[in-house]
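Notes to accompany the following structure.
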Amino acid sequence: MKPALDTTDRALVNRLQDGLPLVPEPFAAVAAELGLAEDDVLARLARLTALGVLSRVGPMYNAARFGGGLSLCAMAVPADRFEAVAALVNAFPEVAHNYARDHRLNMWFVLATESEADIDRTIREIESLTDIKVLNLPKLEEYFIGLKVDA
Amino acid sequence: MTAHSPSLDALDRSIVAATQGGLPLVTRPFAEVARAVGASEAEVIARFRQMHYSGVVRRIAAVPNHYALGLRANGMTVWDVDDAAVGELGRNVGALAFVTHCYRRPRREGWPYNLFAMVHGATREEVETKADAIGKLIGAACRASEILYSTRILKKTGFRLSA
């Protein structure tokens with residue numbers, strides 16, 4: 001069930017992917033660019049957020065720049081242990097998200113830690129608790145983050 | 001990486017904590033954040049400008065929920081790309097409108113893939129069509145590739161910042 005986005009909603013979502021200007025009245029500035037009223041922009045954003053089309057409108061923080069550690073990790077978990085291992089891994093507060101994927105490496109999680117050294121420590125703890133090797137795949141270079149919806 | 005890590009002071013951290021869930025959808029959102037953290041509107045805007053400049057804030061944007069947009073197939077496409085070409089090709093792949101995240105990561109034993117591009121679609125067929133387009137773009141520099149579909153979200157909390 002796909003919530004109805006009209007062409008104005010789509011134009012607005014796409015425009016806001018590029019960033020809100022850092023001015024006192026940023027929504028008015030975007031509204032003017034798109035030829036809309038500010039009230040209309042605010043009402044549409046409130047509706048799209050309430051519908052869940054948008055998770056939020058706000059700053060996208062780059063966790064890697066907070067001085068802590070950040071890494072993508074993968075494990076090959078035997079099917080009969082999957083739920084138990086997921087519970088063990090998820091119990092770590094350092095695990096920010098965790099996805100099941102249909103591959104030999106079937107568990108993929110992101111570690112976000114206070115310091116770089118905590119990444120290795122957390123991986124060692126997960127390995128010793130589960131007796132499963134963890135592949136540590138930190139980002140070496142980033143090429144883009146964003147999403148356009150069809151206008 | 002540590003060399004580029006900006007140091008955030010207490011006010012920066014309060015601003016981050018106050019806005020991780022989003023900005024208030026009002027005429028002057030920074031003024032409202034300013035009231036919450038006990039600073040002026042101008043100071044909050046200046047701090048955002050500085051955090052944007054230092055890379056702590058990528059941008060202030062609408063963050064779409066892929067599932068709610070009807071994009072239910074989530075494919076992590078992974079590529080084994082010639083190291084000499086991966087920088088330029090990665091930028092080309094990242095520039096594709098349908099690629100939401102694109103990273104270079106290290107190869108590991110049993111894992112030859114060094115380029116990751118996240119692709120969403122309404123169906124797996126749609127993701128495969130998009131992956132084919134990435135494959136054409138990478139061309140002969142690509143030695144192998146796979147698509148790993150997510151089957152379940154096991155945890156999603158986002159990162160937390162201690163204030």
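FYI, nothing fancy with the structure tokens labels: chains A, B, ... in order, residues from 1 per chain, ligands from 1 as they appear.
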
What's the 10 Å shell around B:Arg152, counting only C-alpha atoms, without same-chain residues fewer than 6 positions away, as a compact mmCIF listing (two decimals) with N, CA and C atoms, in the first residue's frame?
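Generated file (out27.txt):
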```txt
# COMPACT_ATOMS: atom_id res chain seq x y z
N ASN A 98 21.00 -3.83 12.39
CA ASN A 98 21.35 -5.20 12.05
C ASN A 98 20.30 -5.72 11.07
N TYR A 99 20.78 -6.27 9.95
CA TYR A 99 19.88 -6.77 8.91
C TYR A 99 20.19 -8.23 8.61
N ALA A 100 19.13 -9.02 8.41
CA ALA A 100 19.30 -10.36 7.87
C ALA A 100 19.33 -10.24 6.35
N ARG A 101 20.28 -10.94 5.71
CA ARG A 101 20.36 -10.91 4.24
C ARG A 101 20.47 -12.34 3.72
N ASP A 102 19.94 -12.54 2.50
CA ASP A 102 19.94 -13.92 1.98
C ASP A 102 21.25 -14.21 1.25
N MET A 107 24.15 -12.19 8.26
CA MET A 107 23.87 -11.18 9.28
C MET A 107 24.82 -10.00 9.07
```

Discussion item. Residues of chain B within 6 Å of chain A, counting only C-alpha atoms - could you list those as an MDAnalysis selection string?
Written reply: chainID B and resid 5 22:23 27:28 56:65 68:70 91 94 100:106 148:159

Export C-alpha atoms of the chosen residues as a tab-separated table (two decimals), in the first residue's frame?
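What follows is the written file selection.tsv:
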```tsv
chain	number	residue	atom	x	y	z
B	5	SER	CA	37.68	14.56	13.64
B	22	GLY	CA	14.38	15.99	13.22
B	23	LEU	CA	13.80	19.72	13.19
B	27	THR	CA	8.62	28.86	10.41
B	28	ARG	CA	11.77	29.37	12.50
B	56	VAL	CA	29.65	16.35	11.06
B	57	VAL	CA	26.39	17.35	9.33
B	58	ARG	CA	26.09	16.06	5.77
B	59	ARG	CA	23.12	18.30	5.10
B	60	ILE	CA	19.76	19.23	6.55
B	61	ALA	CA	17.33	17.21	4.51
B	62	ALA	CA	14.13	15.24	4.25
B	63	VAL	CA	14.98	11.66	5.15
B	64	PRO	CA	12.69	9.30	3.22
B	65	ASN	CA	11.49	5.98	4.52
B	68	ALA	CA	6.78	3.75	2.98
B	69	LEU	CA	7.69	4.92	-0.53
B	70	GLY	CA	6.81	1.43	-1.73
B	91	ARG	CA	31.91	8.25	-8.03
B	94	GLY	CA	27.29	7.02	-6.55
B	100	THR	CA	21.29	5.64	-2.09
B	101	HIS	CA	24.64	4.74	-0.53
B	102	CYS	CA	27.92	3.98	-2.27
B	103	TYR	CA	31.12	3.04	-0.45
B	104	ARG	CA	34.52	1.51	-1.03
B	105	ARG	CA	35.33	-1.09	1.63
B	106	PRO	CA	38.24	-3.49	2.15
B	148	LEU	CA	22.40	-9.35	-1.09
B	149	TYR	CA	18.72	-8.72	-0.35
B	150	SER	CA	17.65	-7.83	3.15
B	151	THR	CA	15.05	-10.26	4.43
B	152	ARG	CA	14.46	-8.77	7.87
B	153	ILE	CA	15.44	-5.78	9.99
B	154	LEU	CA	16.84	-7.32	13.19
B	155	LYS	CA	17.64	-4.00	14.91
B	156	LYS	CA	17.45	-0.34	13.97
B	157	THR	CA	18.25	2.24	16.59
B	158	GLY	CA	20.58	4.64	14.82
B	159	PHE	CA	23.66	5.89	16.58
```

Discussion item. When you look at B:Ala46 with a cut-off of 12 Å (counting only C-alpha atoms), what residues show up, excluding the ones that are within fewer than 4 positions of it in the same chain? I need them as a VMD selection string.
Written reply: (chain A and resid 22 to 24) or (chain B and resid 11 to 12 15 30 34 39 to 42 50 to 53)

Expected file contents, prior selection, C-alpha atoms, as a JSON list (two decimals), in the first residue's frame:
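The result, written out as part17.json:
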```
[["chain", "number", "residue", "atom", "x", "y", "z"],
["A", 22, "LEU", "CA", 20.88, 27.56, 6.88],
["A", 23, "VAL", "CA", 18.76, 30.69, 7.22],
["A", 24, "PRO", "CA", 16.26, 31.70, 9.94],
["B", 11, "LEU", "CA", 26.62, 23.23, 22.93],
["B", 12, "ASP", "CA", 27.26, 21.30, 19.70],
["B", 15, "ILE", "CA", 22.20, 20.74, 19.43],
["B", 30, "PHE", "CA", 16.46, 27.05, 14.55],
["B", 34, "ALA", "CA", 17.87, 27.54, 20.29],
["B", 39, "ALA", "CA", 21.38, 29.63, 22.93],
["B", 40, "SER", "CA", 20.44, 32.26, 20.37],
["B", 41, "GLU", "CA", 18.99, 31.45, 16.96],
["B", 42, "ALA", "CA", 22.03, 33.03, 15.27],
["B", 50, "GLN", "CA", 30.42, 24.98, 11.25],
["B", 51, "MET", "CA", 29.30, 21.34, 11.66],
["B", 52, "HIS", "CA", 28.35, 21.23, 7.99],
["B", 53, "TYR", "CA", 31.74, 22.64, 7.03]]
```

Worksheet item: With distances taken over only C-alpha atoms, which of A:Val30, A:Thr122, A:Val134, A:Gly35 is nearest to A:Cys73?
Response: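 Distance minimum relative to A:Cys73 lands on A:Val134.
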
Discussion item. If DSSP is run on the backbone, what residues of stretch 52-122 of chain B are strand (DSSP E or B)? A reply as a PyMOL selection string would be ideal.
Written reply: chain B and resi 57-64+73-81+99-104+108+111+115-121

Residues as selected, N, CA and C atoms, written as an mmCIF file, in the first residue's frame, can you do that?
```
data_model
loop_
_atom_site.group_PDB
_atom_site.id
_atom_site.type_symbol
_atom_site.label_atom_id
_atom_site.label_comp_id
_atom_site.auth_asym_id
_atom_site.auth_seq_id
_atom_site.Cartn_x
_atom_site.Cartn_y
_atom_site.Cartn_z
ATOM 1 N N VAL B 57 27.722 17.338 9.942
ATOM 2 C CA VAL B 57 26.390 17.351 9.333
ATOM 3 C C VAL B 57 26.570 17.243 7.821
ATOM 4 N N ARG B 58 26.000 16.190 7.235
ATOM 5 C CA ARG B 58 26.085 16.061 5.771
ATOM 6 C C ARG B 58 25.249 17.154 5.118
ATOM 7 N N ARG B 59 24.018 17.249 5.551
ATOM 8 C CA ARG B 59 23.121 18.302 5.102
ATOM 9 C C ARG B 59 21.874 18.218 5.962
ATOM 10 N N ILE B 60 21.040 19.252 5.857
ATOM 11 C CA ILE B 60 19.758 19.226 6.552
ATOM 12 C C ILE B 60 18.730 18.882 5.499
ATOM 13 N N ALA B 61 18.096 17.741 5.640
ATOM 14 C CA ALA B 61 17.330 17.214 4.512
ATOM 15 C C ALA B 61 16.108 16.440 4.976
ATOM 16 N N ALA B 62 15.235 16.151 4.008
ATOM 17 C CA ALA B 62 14.128 15.237 4.251
ATOM 18 C C ALA B 62 14.696 13.827 4.143
ATOM 19 N N VAL B 63 14.459 13.018 5.151
ATOM 20 C CA VAL B 63 14.984 11.656 5.154
ATOM 21 C C VAL B 63 13.837 10.705 4.825
ATOM 22 N N PRO B 64 13.825 10.144 3.612
ATOM 23 C CA PRO B 64 12.693 9.304 3.219
ATOM 24 C C PRO B 64 12.766 7.925 3.853
ATOM 25 N N ALA B 73 12.000 -3.878 -1.841
ATOM 26 C CA ALA B 73 13.177 -4.725 -2.083
ATOM 27 C C ALA B 73 14.420 -3.876 -1.852
ATOM 28 N N ASN B 74 15.255 -4.340 -0.931
ATOM 29 C CA ASN B 74 16.466 -3.608 -0.571
ATOM 30 C C ASN B 74 17.641 -4.503 -0.933
ATOM 31 N N GLY B 75 18.385 -4.084 -1.940
ATOM 32 C CA GLY B 75 19.503 -4.903 -2.407
ATOM 33 C C GLY B 75 20.827 -4.199 -2.164
ATOM 34 N N MET B 76 21.704 -4.889 -1.426
ATOM 35 C CA MET B 76 23.063 -4.381 -1.293
ATOM 36 C C MET B 76 23.839 -5.011 -2.452
ATOM 37 N N THR B 77 24.181 -4.205 -3.452
ATOM 38 C CA THR B 77 24.939 -4.757 -4.572
ATOM 39 C C THR B 77 26.422 -4.592 -4.247
ATOM 40 N N VAL B 78 27.180 -5.641 -4.466
ATOM 41 C CA VAL B 78 28.610 -5.618 -4.132
ATOM 42 C C VAL B 78 29.406 -6.011 -5.360
ATOM 43 N N TRP B 79 30.529 -5.338 -5.563
ATOM 44 C CA TRP B 79 31.285 -5.453 -6.803
ATOM 45 C C TRP B 79 32.764 -5.611 -6.502
ATOM 46 N N ASP B 80 33.404 -6.507 -7.249
ATOM 47 C CA ASP B 80 34.861 -6.657 -7.178
ATOM 48 C C ASP B 80 35.422 -5.844 -8.345
ATOM 49 N N VAL B 81 35.909 -4.645 -8.008
ATOM 50 C CA VAL B 81 36.334 -3.697 -9.044
ATOM 51 C C VAL B 81 37.844 -3.483 -8.941
ATOM 52 N N VAL B 99 20.948 5.078 -6.674
ATOM 53 C CA VAL B 99 21.888 4.529 -5.690
ATOM 54 C C VAL B 99 21.858 5.408 -4.442
ATOM 55 N N THR B 100 21.468 4.818 -3.291
ATOM 56 C CA THR B 100 21.292 5.637 -2.090
ATOM 57 C C THR B 100 22.555 5.729 -1.240
ATOM 58 N N HIS B 101 23.380 4.705 -1.260
ATOM 59 C CA HIS B 101 24.644 4.745 -0.532
ATOM 60 C C HIS B 101 25.678 4.087 -1.425
ATOM 61 N N CYS B 102 26.868 4.615 -1.458
ATOM 62 C CA CYS B 102 27.917 3.982 -2.268
ATOM 63 C C CYS B 102 29.250 4.162 -1.550
ATOM 64 N N TYR B 103 29.886 3.025 -1.228
ATOM 65 C CA TYR B 103 31.124 3.044 -0.455
ATOM 66 C C TYR B 103 32.165 2.116 -1.042
ATOM 67 N N ARG B 104 33.429 2.465 -0.835
ATOM 68 C CA ARG B 104 34.518 1.513 -1.034
ATOM 69 C C ARG B 104 34.859 0.931 0.321
ATOM 70 N N ARG B 108 38.155 -8.956 2.029
ATOM 71 C CA ARG B 108 38.577 -9.873 3.100
ATOM 72 C C ARG B 108 38.652 -11.273 2.527
ATOM 73 N N TRP B 111 35.877 -12.854 0.640
ATOM 74 C CA TRP B 111 34.985 -11.730 0.317
ATOM 75 C C TRP B 111 35.760 -10.770 -0.603
ATOM 76 N N LEU B 115 33.456 -2.641 -3.660
ATOM 77 C CA LEU B 115 32.538 -1.521 -3.898
ATOM 78 C C LEU B 115 31.120 -1.954 -3.535
ATOM 79 N N PHE B 116 30.469 -1.144 -2.701
ATOM 80 C CA PHE B 116 29.114 -1.437 -2.232
ATOM 81 C C PHE B 116 28.184 -0.328 -2.719
ATOM 82 N N ALA B 117 27.063 -0.700 -3.346
ATOM 83 C CA ALA B 117 26.072 0.301 -3.767
ATOM 84 C C ALA B 117 24.699 -0.191 -3.348
ATOM 85 N N MET B 118 24.001 0.608 -2.545
ATOM 86 C CA MET B 118 22.680 0.213 -2.048
ATOM 87 C C MET B 118 21.614 0.646 -3.046
ATOM 88 N N VAL B 119 20.738 -0.293 -3.373
ATOM 89 C CA VAL B 119 19.700 -0.038 -4.373
ATOM 90 C C VAL B 119 18.354 -0.504 -3.809
ATOM 91 N N HIS B 120 17.321 0.327 -3.954
ATOM 92 C CA HIS B 120 15.986 -0.047 -3.499
ATOM 93 C C HIS B 120 15.050 -0.161 -4.696
ATOM 94 N N GLY B 121 14.057 -1.011 -4.570
ATOM 95 C CA GLY B 121 13.075 -1.130 -5.633
ATOM 96 C C GLY B 121 11.782 -1.691 -5.083
#
```

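With atom CA of B:Ala84 on one side and atom CA of B:Lys130 on the other, the separation reads 24.1 Å.
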